[in-house]
Amino acid sequence: MDFLLPERLDDALEAMAARAGTVPVAGGTDVMVRLSTGRERPAAAVDLTRIAALARWERSAGEVRLGAAVPYTRIVDELAAPLPGLAAAARTVGSRQIRNRGTVGGALGTASPTGDVHPMLLACGAEVELVSVRGARRVPVRDFYTGPGRTVRAPDELIRAVRIPEAEGPQTYAKAGRRGAVVMATCSFAVALWPSRARVGTGIGSAGPVPLPALEAERFVAGELAERRLWQTRGPLPEAVLKRFGELAAAATAPADDVRGSSAYRRHAVAVLARRALGWVWDDHRADRRTERESCA
């Protein structure tokens with residue numbers, strides 16, 4: 001296998017176009033495991049870590065454009081203010097060593113349903129920038145995943161960046177696992193409040209073949225908040241609304257049984273996480289706090 005080390009994005013794109021099956025490597029925390037165990041044998045791999053353009057982020061017009069090779073550690077250290085939910089999710093990824101190497105671009109490329117950042121990208125309505133020698137395109141993250149480990153990315157395309165709206169209300173990420181740290185999620189849930197749009201965004205991880213939004217739960221709580229005029233009054237959310245939100249979130253899942261948990265447990269845990277997460281962010285909204293929270297249970 002050839003291992004290519006381009007320093008310019010154009011050179012990486014030409015390498016991707018020249019040889020079918022060439023694998024891009026960002027942090028390498030997932031792909032190098034597959035290569036070392038023989039689960040994947042590509043003709044070539046392209047290391048993206050020397051391409052400076054992929055390791056930058058910028059803020060403009062109310063959004064963050066996050067380069068595909070910005071590691072999780074920098075998201076936690078540098079972007080907790082505009083992207084509190086993503087920073088909270090990034091903090092739960094693996095160990096410090098993994099966070100120093102792993103990237104959102106790499107997580108999107110791997111598209112594992114267990115990835116910690118996917119639910120928050122869904123809750124925030126992020127867009128993925130794809131680029132090839134043929135040109136560039138932007139794909140809403142909700143349309144990006146097509147199956148376990150599969151996405152709409154064409155074989156010759158690279159993930160160049162992710163565009164994420166800056167937070168305008170509280171956001172949180174909650175994760176259930178067999179221990180409190182350095183663990184793959186048994187299931188996870190993200191929620192973000194968007195007061196100017198009167199909208200609640202959601203994302204579910206590790207409870208289906210792909211990361212999922214809880215669309216019915218979003219519609220339900222949006223209707224309740226509007227009918228009760230709670231965006232205007234910032235009154236408390238009734239327990240019945242929180243409970244139904246959790247039930248609808250669980251209904252959106254399509255979990256499987258595996259060594260980390262049964263499908264029944266995952267549905268139950270998503271309901272609990274969703275109910276708690278919505279309660280947390282609404283309490284913060286009532287107190288006019290835009291804080292990042294995280295929970296590992």
# chains A, B, ... in the order shown; residues from 1 in each chain; ligands from 1

$ residues_around --residues "region 104-110 of chain A" --least-positions-apart "6" --cutoff "7 Å" --atoms "only C-alpha atoms" --output "number ranges by chain"
A: 26-27, 68-69, 117, 149, 159, 161

$ write_last_selection --atoms "N, CA and C atoms" --output "short mmCIF file (atom, residue, chain, number, x, y, z; two decimals), in the first residue's frame"
data_model
loop_
_atom_site.label_atom_id
_atom_site.label_comp_id
_atom_site.auth_asym_id
_atom_site.auth_seq_id
_atom_site.Cartn_x
_atom_site.Cartn_y
_atom_site.Cartn_z
N ALA A 26 -7.29 11.29 8.28
CA ALA A 26 -7.21 12.56 9.01
C ALA A 26 -6.49 12.29 10.32
N GLY A 27 -7.23 12.06 11.41
CA GLY A 27 -6.57 11.70 12.67
C GLY A 27 -6.07 10.27 12.67
N ALA A 68 -11.74 20.13 8.36
CA ALA A 68 -11.93 18.70 8.62
C ALA A 68 -10.85 18.11 9.50
N ALA A 69 -9.67 18.72 9.55
CA ALA A 69 -8.56 18.16 10.32
C ALA A 69 -8.31 18.89 11.63
N VAL A 117 -19.77 12.93 18.09
CA VAL A 117 -20.09 14.27 17.56
C VAL A 117 -21.29 14.28 16.63
N GLY A 149 -21.37 3.17 8.49
CA GLY A 149 -20.09 3.40 7.84
C GLY A 149 -20.20 3.91 6.41
N ILE A 159 -13.79 15.32 2.61
CA ILE A 159 -14.51 16.25 3.49
C ILE A 159 -13.58 17.41 3.78
N ALA A 161 -14.60 20.59 5.15
CA ALA A 161 -14.97 21.36 6.34
C ALA A 161 -16.40 21.00 6.73
#

$ closest_atom_pairs --of "region 134-238 of chain A" --to "region 280-286 of chain A" --cutoff "9 Å" --atoms "only C-alpha atoms" --output "JSON lines"
{"residue": "A:Gly169", "atom": "CA", "partner": "A:His285", "partner_atom": "CA", "distance": 6.7}
{"residue": "A:Pro170", "atom": "CA", "partner": "A:Val281", "partner_atom": "CA", "distance": 5.2}
{"residue": "A:Gln171", "atom": "CA", "partner": "A:Val281", "partner_atom": "CA", "distance": 6.1}
{"residue": "A:Thr172", "atom": "CA", "partner": "A:Val281", "partner_atom": "CA", "distance": 6.7}
{"residue": "A:Val191", "atom": "CA", "partner": "A:Val281", "partner_atom": "CA", "distance": 7.7}
{"residue": "A:Ala192", "atom": "CA", "partner": "A:Val281", "partner_atom": "CA", "distance": 7.5}
{"residue": "A:Leu193", "atom": "CA", "partner": "A:Val281", "partner_atom": "CA", "distance": 7.3}
{"residue": "A:Thr233", "atom": "CA", "partner": "A:Arg286", "partner_atom": "CA", "distance": 8.8}
{"residue": "A:Arg234", "atom": "CA", "partner": "A:Arg286", "partner_atom": "CA", "distance": 5.2}
{"residue": "A:Gly235", "atom": "CA", "partner": "A:Arg286", "partner_atom": "CA", "distance": 7.1}
{"residue": "A:Pro236", "atom": "CA", "partner": "A:Asp283", "partner_atom": "CA", "distance": 7.6}
{"residue": "A:Leu237", "atom": "CA", "partner": "A:Trp282", "partner_atom": "CA", "distance": 7.5}

$ closest_atom_pairs --of "region 139-223 of chain A" --to "region 254-258 of chain A" --cutoff "9 Å" --atoms "only C-alpha atoms" --output "JSON lines"
{"residue": "A:Ser206", "atom": "CA", "partner": "A:Pro255", "partner_atom": "CA", "distance": 7.4}
{"residue": "A:Ala207", "atom": "CA", "partner": "A:Pro255", "partner_atom": "CA", "distance": 4.3}
{"residue": "A:Gly208", "atom": "CA", "partner": "A:Ala254", "partner_atom": "CA", "distance": 4.4}
{"residue": "A:Pro209", "atom": "CA", "partner": "A:Ala254", "partner_atom": "CA", "distance": 7.1}

$ write_last_selection --atoms "N, CA, C and O atoms" --output "PDB file, in the first residue's frame"
ATOM      1  N   SER A 206     -25.845   5.872  18.294  1.00  0.00           N
ATOM      2  CA  SER A 206     -25.696   4.485  18.727  1.00  0.00           C
ATOM      3  C   SER A 206     -27.022   3.821  19.054  1.00  0.00           C
ATOM      4  O   SER A 206     -27.084   2.952  19.919  1.00  0.00           O
ATOM      5  N   ALA A 207     -28.065   4.212  18.346  1.00  0.00           N
ATOM      6  CA  ALA A 207     -29.377   3.588  18.556  1.00  0.00           C
ATOM      7  C   ALA A 207     -30.082   3.378  17.227  1.00  0.00           C
ATOM      8  O   ALA A 207     -31.307   3.420  17.141  1.00  0.00           O
ATOM      9  N   GLY A 208     -29.300   3.149  16.188  1.00  0.00           N
ATOM     10  CA  GLY A 208     -29.826   2.908  14.862  1.00  0.00           C
ATOM     11  C   GLY A 208     -28.676   2.667  13.908  1.00  0.00           C
ATOM     12  O   GLY A 208     -27.499   2.790  14.280  1.00  0.00           O
ATOM     13  N   PRO A 209     -28.964   2.333  12.662  1.00  0.00           N
ATOM     14  CA  PRO A 209     -27.893   2.084  11.697  1.00  0.00           C
ATOM     15  C   PRO A 209     -27.095   3.321  11.328  1.00  0.00           C
ATOM     16  O   PRO A 209     -25.971   3.232  10.854  1.00  0.00           O
TER      17      PRO A 209
END

$ closest_residue --among "A:Ala81, A:Leu158, A:Met120, A:Leu248" --to "Val23 (chain A)" --atoms "only C-alpha atoms"
A:Leu158

$ residues_around --residues "Asn100 (chain A)" --least-positions-apart "2" --cutoff "7 Å" --atoms "only C-alpha atoms" --output "number ranges by chain"
A: 71-73, 96-98, 102

$ residues_around --residues "Val162 (chain A)" --least-positions-apart "2" --cutoff "9 Å" --atoms "only C-alpha atoms" --output "PyMOL selection string"
chain A and resi 64-68+104-105+126-129+138+141+159-160+164

$ residues_around --residues "Ala87 (chain A)" --least-positions-apart "5" --cutoff "6 Å" --atoms "only C-alpha atoms" --output "compact mmCIF listing (two decimals) with all heavy atoms, in the first residue's frame"
# COMPACT_ATOMS: atom_id res chain seq x y z
N ILE A 75 -11.21 21.92 19.50
CA ILE A 75 -12.63 22.27 19.60
C ILE A 75 -12.98 22.58 21.05
O ILE A 75 -13.66 23.56 21.36
CB ILE A 75 -13.49 21.13 19.04
CG1 ILE A 75 -13.26 20.96 17.55
CG2 ILE A 75 -14.97 21.39 19.32
CD1 ILE A 75 -13.92 19.75 16.94
N VAL A 76 -12.52 21.73 21.96
CA VAL A 76 -12.78 21.93 23.39
C VAL A 76 -12.14 23.23 23.87
O VAL A 76 -12.76 24.03 24.59
CB VAL A 76 -12.26 20.74 24.21
CG1 VAL A 76 -12.35 21.01 25.70
CG2 VAL A 76 -13.04 19.47 23.85
N ALA A 80 -15.57 26.43 22.62
CA ALA A 80 -16.64 26.18 23.59
C ALA A 80 -17.66 27.31 23.63
O ALA A 80 -18.83 27.07 23.96
CB ALA A 80 -16.06 25.96 24.98

$ residues_around --residues "Gly203 (chain A)" --least-positions-apart "4" --cutoff "9 Å" --atoms "only C-alpha atoms" --output "ChimeraX atom specification"
/A:118-124,188-191,211-214
